[in-house]
Every structure is written in C-alpha cells, then in structure tokens.
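Undergrad: Sharing target.txt (compact mmCIF, C-alpha atoms) below.
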```
# COMPACT_ATOMS: atom_id res chain seq x y z
CA MET U 576 -109.93 -58.10 -86.66
CA THR U 577 -107.98 -61.21 -85.69
CA PRO U 578 -109.17 -64.35 -87.53
CA ILE U 579 -110.92 -66.80 -85.22
CA TRP U 580 -108.60 -69.66 -86.20
CA VAL U 581 -105.59 -67.53 -85.22
CA GLU U 582 -107.09 -66.78 -81.81
CA GLU U 583 -107.97 -70.43 -81.23
CA LEU U 584 -104.58 -71.84 -82.18
CA ALA U 585 -102.69 -69.19 -80.22
CA ALA U 586 -104.87 -69.79 -77.15
CA ARG U 587 -104.37 -73.56 -77.38
CA PHE U 588 -100.62 -73.12 -77.70
CA TRP U 589 -100.28 -70.81 -74.70
CA ALA U 590 -102.59 -72.97 -72.59
CA ALA U 591 -100.35 -75.97 -73.25
CA ALA U 592 -97.21 -73.88 -72.61
CA GLY U 593 -98.47 -72.56 -69.27
CA GLY U 594 -98.99 -69.02 -70.50
CA PRO U 595 -96.93 -66.57 -72.57
CA PRO U 596 -93.59 -65.16 -71.36
CA ALA U 597 -92.82 -61.45 -71.17
CA VAL U 598 -92.13 -59.60 -74.40
CA PRO U 599 -90.07 -59.82 -76.46
CA ARG U 600 -91.06 -63.46 -76.56
CA ASP U 601 -88.62 -66.26 -77.32
CA LEU U 602 -90.78 -69.28 -78.15
CA THR U 603 -88.02 -71.88 -77.76
CA ALA U 604 -88.95 -73.09 -74.27
CA ALA U 605 -92.69 -72.72 -74.87
CA ALA U 606 -92.58 -74.67 -78.14
CA MET U 607 -90.62 -77.56 -76.65
CA SER U 608 -92.89 -77.76 -73.59
CA ALA U 609 -96.22 -77.36 -75.37
CA LEU U 610 -95.52 -79.35 -78.55
CA PRO U 611 -93.66 -82.51 -79.58
CA VAL U 612 -91.06 -80.27 -81.17
CA SER U 613 -87.29 -79.86 -80.92
CA VAL U 614 -85.60 -76.58 -81.87
CA VAL U 615 -82.25 -76.98 -83.63
CA GLY U 616 -79.87 -74.11 -84.38
CA LEU U 617 -77.42 -74.59 -87.25
CA SER U 618 -74.89 -72.16 -88.68
CA ALA U 619 -75.33 -71.11 -92.32
CA LEU U 620 -78.61 -73.01 -92.47
CA HIS U 621 -79.40 -74.65 -95.80
CA LEU U 622 -81.45 -77.60 -97.01
CA GLY U 623 -78.41 -79.81 -97.41
CA GLY U 624 -77.42 -79.16 -93.80
CA VAL U 625 -80.90 -80.10 -92.63
CA ARG U 626 -80.77 -83.34 -94.60
CA ASP U 627 -77.32 -84.14 -93.18
CA TRP U 628 -78.48 -83.47 -89.60
CA LEU U 629 -81.52 -85.72 -90.04
CA ALA U 630 -79.38 -88.44 -91.62
CA ARG U 631 -77.02 -88.41 -88.63
CA CYS U 632 -80.07 -88.90 -86.40
CA ARG U 633 -81.29 -91.71 -88.70
CA VAL U 634 -84.47 -89.83 -89.53
CA PRO U 635 -85.64 -90.50 -93.10
CA CYS U 636 -85.95 -87.37 -95.25
CA PRO U 637 -87.17 -88.13 -98.79
CA LEU U 638 -87.28 -84.46 -99.83
CA GLU U 639 -85.72 -83.90 -103.27
CA GLU U 640 -85.72 -80.09 -103.34
CA PRO U 641 -82.46 -78.48 -104.59
CA ASP U 642 -80.16 -77.18 -101.87
CA ARG U 643 -80.57 -73.52 -100.96
CA PRO U 644 -80.01 -71.20 -97.97
CA LEU U 645 -82.74 -71.01 -95.34
CA ARG U 646 -83.65 -68.79 -92.43
CA ALA U 647 -85.63 -71.62 -90.86
CA CYS U 648 -87.64 -74.71 -91.74
CA LEU U 649 -89.92 -77.28 -90.14
CA PHE U 650 -89.52 -81.03 -90.60
CA THR U 651 -92.26 -83.31 -89.26
CA TRP U 652 -92.18 -87.06 -88.87
CA VAL U 653 -94.71 -89.46 -87.26
CA GLY U 654 -96.22 -86.83 -85.00
CA VAL U 655 -93.11 -84.92 -83.96
CA GLY U 656 -91.37 -81.89 -85.42
CA PHE U 657 -87.89 -80.45 -85.78
CA VAL U 658 -87.65 -76.69 -86.19
CA PHE U 659 -84.35 -75.63 -87.71
CA VAL U 660 -83.24 -72.00 -87.39
CA ASP U 661 -80.12 -70.21 -88.57
CA ARG U 662 -78.25 -69.47 -85.36
CA ASP U 663 -76.15 -66.85 -87.16
CA ASP U 664 -79.20 -64.63 -87.77
CA PRO U 665 -79.84 -61.59 -85.56
CA PRO U 666 -82.05 -62.26 -82.49
CA ASP U 667 -85.12 -60.55 -83.98
CA GLU U 668 -84.93 -62.63 -87.16
CA ARG U 669 -84.48 -65.85 -85.17
CA ARG U 670 -87.42 -64.90 -82.97
CA PHE U 671 -89.76 -64.44 -85.92
CA SER U 672 -88.40 -67.42 -87.88
CA LEU U 673 -89.09 -69.72 -84.93
CA ALA U 674 -92.59 -68.31 -84.44
CA HIS U 675 -93.31 -68.77 -88.16
CA GLU U 676 -92.28 -72.45 -88.08
CA VAL U 677 -94.21 -73.07 -84.84
CA ALA U 678 -97.21 -71.56 -86.62
CA HIS U 679 -96.73 -74.00 -89.50
CA PHE U 680 -96.66 -76.89 -87.02
CA LEU U 681 -99.85 -75.71 -85.29
CA ARG U 682 -101.84 -74.90 -88.43
CA ASP U 683 -100.53 -77.16 -91.18
CA TYR U 684 -99.54 -80.26 -89.22
CA ASP U 685 -101.08 -80.55 -85.77
CA ALA U 686 -104.53 -79.10 -86.51
CA PRO U 687 -105.25 -81.44 -89.47
CA ARG U 688 -104.12 -84.42 -87.38
CA ARG U 689 -106.41 -83.40 -84.53
CA LEU U 690 -109.34 -82.98 -86.91
CA ALA U 691 -108.77 -86.31 -88.65
CA ALA U 692 -108.38 -88.21 -85.37
CA ALA U 693 -111.52 -86.59 -83.93
CA LYS U 694 -113.65 -87.44 -86.96
CA LEU U 695 -112.15 -90.74 -88.11
CA GLY U 696 -110.48 -92.15 -84.99
CA PRO U 697 -106.84 -92.16 -83.86
CA GLY U 698 -105.97 -95.05 -86.18
CA VAL U 699 -106.09 -92.67 -89.14
CA LEU U 700 -102.87 -91.06 -87.92
CA ASP U 701 -101.01 -94.04 -89.41
CA VAL U 702 -102.36 -92.93 -92.79
CA LEU U 703 -101.26 -89.34 -92.25
CA ASP U 704 -97.81 -90.61 -91.27
CA GLY U 705 -97.61 -92.62 -94.50
CA THR U 706 -97.19 -95.98 -92.75
CA ARG U 707 -100.28 -97.50 -94.41
CA PRO U 708 -102.87 -96.56 -97.04
CA PRO U 709 -106.39 -95.60 -95.95
CA THR U 710 -108.97 -98.35 -95.83
CA PRO U 711 -112.01 -98.12 -98.14
CA GLU U 712 -114.13 -97.23 -95.11
CA GLU U 713 -111.74 -94.43 -94.12
CA ARG U 714 -111.82 -93.06 -97.66
CA VAL U 715 -115.62 -92.93 -97.62
CA HIS U 716 -115.80 -91.30 -94.20
CA ALA U 717 -113.06 -88.83 -95.16
CA VAL U 718 -115.09 -87.68 -98.18
CA LEU U 719 -118.35 -87.50 -96.23
CA ARG U 720 -116.78 -85.56 -93.36
CA GLN U 721 -114.54 -83.44 -95.58
CA VAL U 722 -111.32 -84.55 -93.91
CA PRO U 723 -108.20 -84.90 -96.11
CA VAL U 724 -106.60 -88.31 -95.61
CA GLY U 725 -103.09 -88.88 -96.86
CA PRO U 726 -99.45 -88.16 -96.04
CA HIS U 727 -98.64 -84.55 -95.21
CA ALA U 728 -97.34 -82.50 -98.14
CA HIS U 729 -94.27 -80.30 -97.82
CA LEU U 730 -94.39 -76.56 -98.49
CA LEU U 731 -90.72 -75.98 -99.29
CA ARG U 732 -90.93 -75.58 -103.04
CA ARG U 733 -89.69 -72.21 -104.28
CA ASP U 734 -89.20 -70.59 -107.67
CA ALA U 735 -86.02 -68.91 -108.93
CA ASP U 736 -86.85 -65.76 -106.93
CA GLY U 737 -87.30 -67.70 -103.71
CA GLU U 738 -91.10 -67.33 -103.72
CA ALA U 739 -93.60 -70.11 -102.97
CA ARG U 740 -94.64 -71.71 -106.24
CA THR U 741 -98.38 -72.34 -105.87
CA PRO U 742 -101.29 -70.29 -104.50
CA ALA U 743 -101.82 -72.91 -101.78
CA GLU U 744 -98.18 -72.65 -100.68
CA ARG U 745 -98.31 -68.85 -100.71
CA ALA U 746 -101.50 -68.93 -98.66
CA ALA U 747 -99.87 -71.27 -96.14
CA GLU U 748 -96.90 -68.90 -95.80
CA ASP U 749 -99.18 -65.89 -95.27
CA ALA U 750 -101.22 -67.81 -92.69
CA ALA U 751 -98.09 -68.86 -90.81
CA ASP U 752 -96.97 -65.23 -90.71
CA ARG U 753 -100.35 -64.14 -89.33
CA LEU U 754 -100.29 -66.73 -86.55
CA ALA U 755 -96.63 -65.92 -85.79
CA PHE U 756 -97.58 -62.25 -85.40
CA GLU U 757 -100.27 -63.17 -82.88
CA LEU U 758 -97.94 -65.43 -80.91
CA LEU U 759 -95.31 -62.70 -80.60
CA ALA U 760 -97.50 -59.58 -80.41
CA PRO U 761 -101.20 -60.22 -79.69
CA ALA U 762 -103.46 -57.88 -81.63
CA GLU U 763 -105.49 -57.00 -78.55
CA GLN U 764 -102.39 -55.43 -77.00
CA LEU U 765 -102.07 -53.15 -80.03
CA ALA U 766 -105.69 -52.03 -80.29
CA GLY U 767 -105.01 -48.40 -79.39
CA GLU U 768 -102.57 -47.76 -82.23
CA ARG U 769 -103.75 -45.68 -85.19
CA ASP U 770 -100.54 -44.82 -87.07
CA PRO U 771 -98.98 -47.70 -89.07
CA ARG U 772 -95.47 -46.24 -88.82
CA ALA U 773 -95.70 -45.77 -85.06
CA LEU U 774 -97.12 -49.28 -84.73
CA ALA U 775 -94.25 -50.77 -86.76
CA CYS U 776 -91.73 -48.96 -84.55
CA ARG U 777 -93.46 -50.27 -81.42
CA LEU U 778 -93.50 -53.81 -82.81
CA ARG U 779 -89.73 -53.60 -83.29
CA ALA U 780 -88.84 -51.86 -80.03
CA GLU U 781 -91.26 -53.56 -77.61
CA PHE U 782 -92.07 -56.92 -79.19
CA GLY U 783 -88.77 -57.59 -80.93
CA LEU U 784 -90.06 -58.15 -84.47
CA PRO U 785 -87.64 -57.64 -87.37
CA ALA U 786 -88.26 -54.62 -89.57
CA GLY U 787 -89.91 -56.48 -92.46
CA ALA U 788 -92.27 -58.46 -90.26
CA ALA U 789 -93.13 -55.38 -88.19
CA GLY U 790 -94.07 -53.47 -91.32
CA ASP U 791 -96.18 -56.32 -92.66
CA TYR U 792 -98.02 -56.78 -89.36
CA ALA U 793 -98.66 -53.04 -89.00
CA ALA U 794 -100.08 -52.98 -92.54
CA ALA U 795 -102.32 -55.96 -91.75
CA LEU U 796 -103.68 -54.37 -88.57
CA LEU U 797 -104.00 -50.86 -90.00
CA PRO U 798 -104.62 -51.28 -93.74
CA ALA U 799 -104.72 -48.24 -95.96
CA PRO U 800 -108.27 -47.13 -96.85
CA PRO U 801 -109.51 -48.45 -100.20
CA THR U 802 -108.98 -46.16 -103.12
CA ASP U 803 -112.02 -44.88 -104.99
CA PRO U 804 -111.28 -45.91 -108.61
CA PHE U 805 -113.32 -42.97 -109.98
CA ALA U 806 -111.39 -40.48 -107.84
CA ALA U 807 -108.11 -42.10 -108.86
CA ARG U 808 -108.98 -41.63 -112.55
CA LEU U 809 -109.90 -37.98 -111.98
CA ALA U 810 -106.56 -37.41 -110.25
CA GLN U 811 -104.77 -38.41 -113.45
CA PHE U 812 -106.13 -35.29 -115.16
CA ARG U 813 -105.15 -32.80 -112.44
```
What does this structure look like when you write it as structure tokens?

TA:
Amino acid sequence: MTPIWVEELAARFWAAAGGPPAVPRDLTAAAMSALPVSVVGLSALHLGGVRDWLARCRVPCPLEEPDRPLRACLFTWVGVGFVFVDRDDPPDERRFSLAHEVAHFLRDYDAPRRLAAAKLGPGVLDVLDGTRPPTPEERVHAVLRQVPVGPHAHLLRRDADGEARTPAERAAEDAADRLAFELLAPAEQLAGERDPRALACRLRAEFGLPAGAAGDYAAALLPAPPTDPFAARLAQFR
C-alpha cells in the first residue's frame, strides 16, 4: 500500500509539472518547471565542489560538514533549491539521485513551508528562512497548532561508514527514497507483479531504476512474509 503522503506529494508535483513524461522518467525538466529548483551537474561531485559552486554564485553556505564524495545533494535557500548531481554517474544512478533530491525538496522543505504559511500566515516564511526570529505570538501559535517554526535543518551528516547519523535523518532518507520510487515508477502500475525478482528486473528494464534501488523498491512492494518465531526455533533442531 502506498502511503497517503506519498500519493499526495507525487500528485501535487505532477499536477504542477503538467503530467508525468514517458518512462524511464528524467525529472530534470519537470522539477525545474514545477518547483523553484535548478538542477546542476558537476563532475566528481563532492561537498567542497558544492560549496565552491555556491560561493561563485554568491550564495551563502554555512555548512561545516567535512568534505566527502556525493552522488547528489539538495541545497535550499530562501524558498529556492539547487539539486546537485554527479554528471559522471551512469544514467540510471543520475535518474534516481535526482528523484531522491526532488523528494527531499517536496517532503522536507516545501511541505513544511506550505503548512506553516497556511496555519501561521506567509510572514512566518521569514522565520523559516532564518532572516528573523519568531515573534512571541508566532511561538504560541506554532505550539498550539503543532507547526515547527525555525530555520530548516540540514540532513547531510554522516558517520564513518557514510550512514545517516540519527534516527530522524535515517527516516528522512528512507522517506525520500519512497517518494522517489513513486515519482519514477508509480506503485499502481506495478500492482500485478507477484515475484520480487521479476519486479526488480522490470523496474530496471522498463523504469530505469539502478539495481540497488530496484531491489529495495521491489522488497518494499512485495515484502517477505513474516517468520513465525516458534517455527523458526523448531527448524533449528531439524
């Protein structure tokens, strides 16, 4: 079953983009027409290269994370976004990397801004952009209406193995993957599949997903049946 929030964000995106293109989908044109986003391809993408590119454009980037290689990343600033992708990657990896970063923009940046503006008024966007602190009245209304008010936090922190450090960051990465899957290969178009391996092959051949993403999506749509712990213990004695 596709989560409702995934369906809603995907539908909003495609409505703004004028409908989805044929598969395999390249989201470059759709993202730049539907969202205030620019897509930037850089060779040998790494954090230092992103910082240098932003500096040349005179865009402030206070991020202090150590330099490391990247497949892609999203940088947002006062309502707009820059999606950086490694242009040296194979087409299927670039396709999924872009969809993943677009998903981050939709879920982790644009959706909270829409919610805050709807509940607290458009003036609160200055708070989210970090240009002013929230007023006492905004703080009270934010608590009462359960709307986070404050500058957007980055999700780039990684441990020595390249994994997201906190449960919240890991959850955000998993959610971005799930929305990216839906943008590239809608679950309703895959409803007749019953074999995870066949589904993964179809996701690669027809929808252009890279092998790892295709396997993860197939496993999410066709999870293995739960194991009976009692039966598993009995099997140890066979």

Undergrad: Take CA of Arg633 in chain U and CA of Ala751 in chain U and report the distance between them in Å, one decimal.

TA: 28.4 Å

Undergrad: Got a sec: who's within 7 Å of range 666-683 of chain U, counting all atoms listed in the file, leaving out chain neighbours fewer than 4 positions off, as a PyMOL selection string?

TA: chain U and resi 584+601-602+646-649+658+660+687+751-752+754-755+783-785

Undergrad: Nearest to Val598 in chain U among U:Gly790, U:Leu759, U:Leu774, U:Val614, with distances taken over all atoms listed in the file: which residue is it?

TA: U:Leu759

Undergrad: Near range 627-630 of chain U, within 10 Å and counting all atoms listed in the file, which residues show up once chain neighbours fewer than 6 positions away are dropped, as an MDAnalysis selection string?

TA: chainID U and resid 615 617 636 650 657 659

Undergrad: What is the distance, in Å and to one decimal place, between CA of Asp704 in chain U and CA of Leu690 in chain U?

TA: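 If I compute the distance from CA of Asp704 in chain U to CA of Leu690 in chain U, I get 14.5 Å.
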
Undergrad: Could you complete range 646-678 of chain U so that it carries N, CA and C atoms, and give it back as a short mmCIF file (atom, residue, chain, number, x, y, z; two decimals), keeping the file's coordinate frame?

TA:
```cif
data_model
loop_
_atom_site.label_atom_id
_atom_site.label_comp_id
_atom_site.auth_asym_id
_atom_site.auth_seq_id
_atom_site.Cartn_x
_atom_site.Cartn_y
_atom_site.Cartn_z
N ARG U 646 -83.63 -69.44 -93.74
CA ARG U 646 -83.65 -68.79 -92.43
C ARG U 646 -84.11 -69.80 -91.38
N ALA U 647 -85.08 -70.62 -91.76
CA ALA U 647 -85.63 -71.62 -90.86
C ALA U 647 -86.43 -72.61 -91.68
N CYS U 648 -86.73 -73.76 -91.11
CA CYS U 648 -87.64 -74.71 -91.74
C CYS U 648 -88.17 -75.67 -90.69
N LEU U 649 -89.29 -76.30 -91.02
CA LEU U 649 -89.92 -77.28 -90.14
C LEU U 649 -89.90 -78.63 -90.83
N PHE U 650 -89.45 -79.66 -90.12
CA PHE U 650 -89.52 -81.03 -90.60
C PHE U 650 -90.38 -81.82 -89.62
N THR U 651 -91.38 -82.52 -90.13
CA THR U 651 -92.26 -83.31 -89.26
C THR U 651 -92.17 -84.78 -89.65
N TRP U 652 -92.32 -85.63 -88.65
CA TRP U 652 -92.18 -87.06 -88.87
C TRP U 652 -92.92 -87.80 -87.76
N VAL U 653 -93.90 -88.62 -88.15
CA VAL U 653 -94.71 -89.46 -87.26
C VAL U 653 -95.10 -88.74 -85.97
N GLY U 654 -95.65 -87.54 -86.13
CA GLY U 654 -96.22 -86.83 -85.00
C GLY U 654 -95.31 -85.86 -84.29
N VAL U 655 -94.04 -85.84 -84.63
CA VAL U 655 -93.11 -84.92 -83.96
C VAL U 655 -92.52 -83.97 -84.99
N GLY U 656 -91.93 -82.88 -84.51
CA GLY U 656 -91.37 -81.89 -85.42
C GLY U 656 -89.99 -81.46 -85.00
N PHE U 657 -89.20 -81.04 -85.99
CA PHE U 657 -87.89 -80.45 -85.78
C PHE U 657 -87.91 -79.08 -86.44
N VAL U 658 -87.72 -78.04 -85.65
CA VAL U 658 -87.65 -76.69 -86.19
C VAL U 658 -86.18 -76.29 -86.27
N PHE U 659 -85.73 -76.04 -87.49
CA PHE U 659 -84.35 -75.63 -87.71
C PHE U 659 -84.31 -74.12 -87.92
N VAL U 660 -83.41 -73.44 -87.22
CA VAL U 660 -83.24 -72.00 -87.39
C VAL U 660 -81.76 -71.71 -87.61
N ASP U 661 -81.50 -70.62 -88.32
CA ASP U 661 -80.12 -70.21 -88.57
C ASP U 661 -79.62 -69.47 -87.34
N ARG U 662 -78.71 -70.09 -86.60
CA ARG U 662 -78.25 -69.47 -85.36
C ARG U 662 -77.35 -68.28 -85.59
N ASP U 663 -76.96 -68.02 -86.85
CA ASP U 663 -76.15 -66.85 -87.16
C ASP U 663 -77.00 -65.60 -87.41
N ASP U 664 -78.32 -65.78 -87.53
CA ASP U 664 -79.20 -64.63 -87.77
C ASP U 664 -79.27 -63.74 -86.54
N PRO U 665 -79.63 -62.47 -86.72
CA PRO U 665 -79.84 -61.59 -85.56
C PRO U 665 -80.99 -62.12 -84.69
N PRO U 666 -81.02 -61.74 -83.40
CA PRO U 666 -82.05 -62.26 -82.49
C PRO U 666 -83.48 -62.01 -82.97
N ASP U 667 -83.74 -60.82 -83.55
CA ASP U 667 -85.12 -60.55 -83.98
C ASP U 667 -85.53 -61.45 -85.13
N GLU U 668 -84.60 -61.72 -86.05
CA GLU U 668 -84.93 -62.63 -87.16
C GLU U 668 -85.14 -64.05 -86.66
N ARG U 669 -84.29 -64.51 -85.73
CA ARG U 669 -84.48 -65.85 -85.17
C ARG U 669 -85.81 -65.95 -84.44
N ARG U 670 -86.15 -64.90 -83.72
CA ARG U 670 -87.42 -64.90 -82.97
C ARG U 670 -88.60 -65.10 -83.91
N PHE U 671 -88.62 -64.33 -85.00
CA PHE U 671 -89.76 -64.44 -85.92
C PHE U 671 -89.71 -65.73 -86.72
N SER U 672 -88.52 -66.16 -87.12
CA SER U 672 -88.40 -67.42 -87.88
C SER U 672 -88.95 -68.58 -87.06
N LEU U 673 -88.59 -68.64 -85.78
CA LEU U 673 -89.09 -69.72 -84.93
C LEU U 673 -90.60 -69.65 -84.79
N ALA U 674 -91.14 -68.44 -84.57
CA ALA U 674 -92.59 -68.31 -84.44
C ALA U 674 -93.30 -68.72 -85.72
N HIS U 675 -92.72 -68.40 -86.88
CA HIS U 675 -93.31 -68.77 -88.16
C HIS U 675 -93.36 -70.30 -88.31
N GLU U 676 -92.29 -70.99 -87.95
CA GLU U 676 -92.28 -72.45 -88.08
C GLU U 676 -93.19 -73.11 -87.04
N VAL U 677 -93.25 -72.56 -85.83
CA VAL U 677 -94.21 -73.07 -84.84
C VAL U 677 -95.63 -72.91 -85.37
N ALA U 678 -95.89 -71.78 -86.04
CA ALA U 678 -97.21 -71.56 -86.62
C ALA U 678 -97.52 -72.60 -87.69
#
```
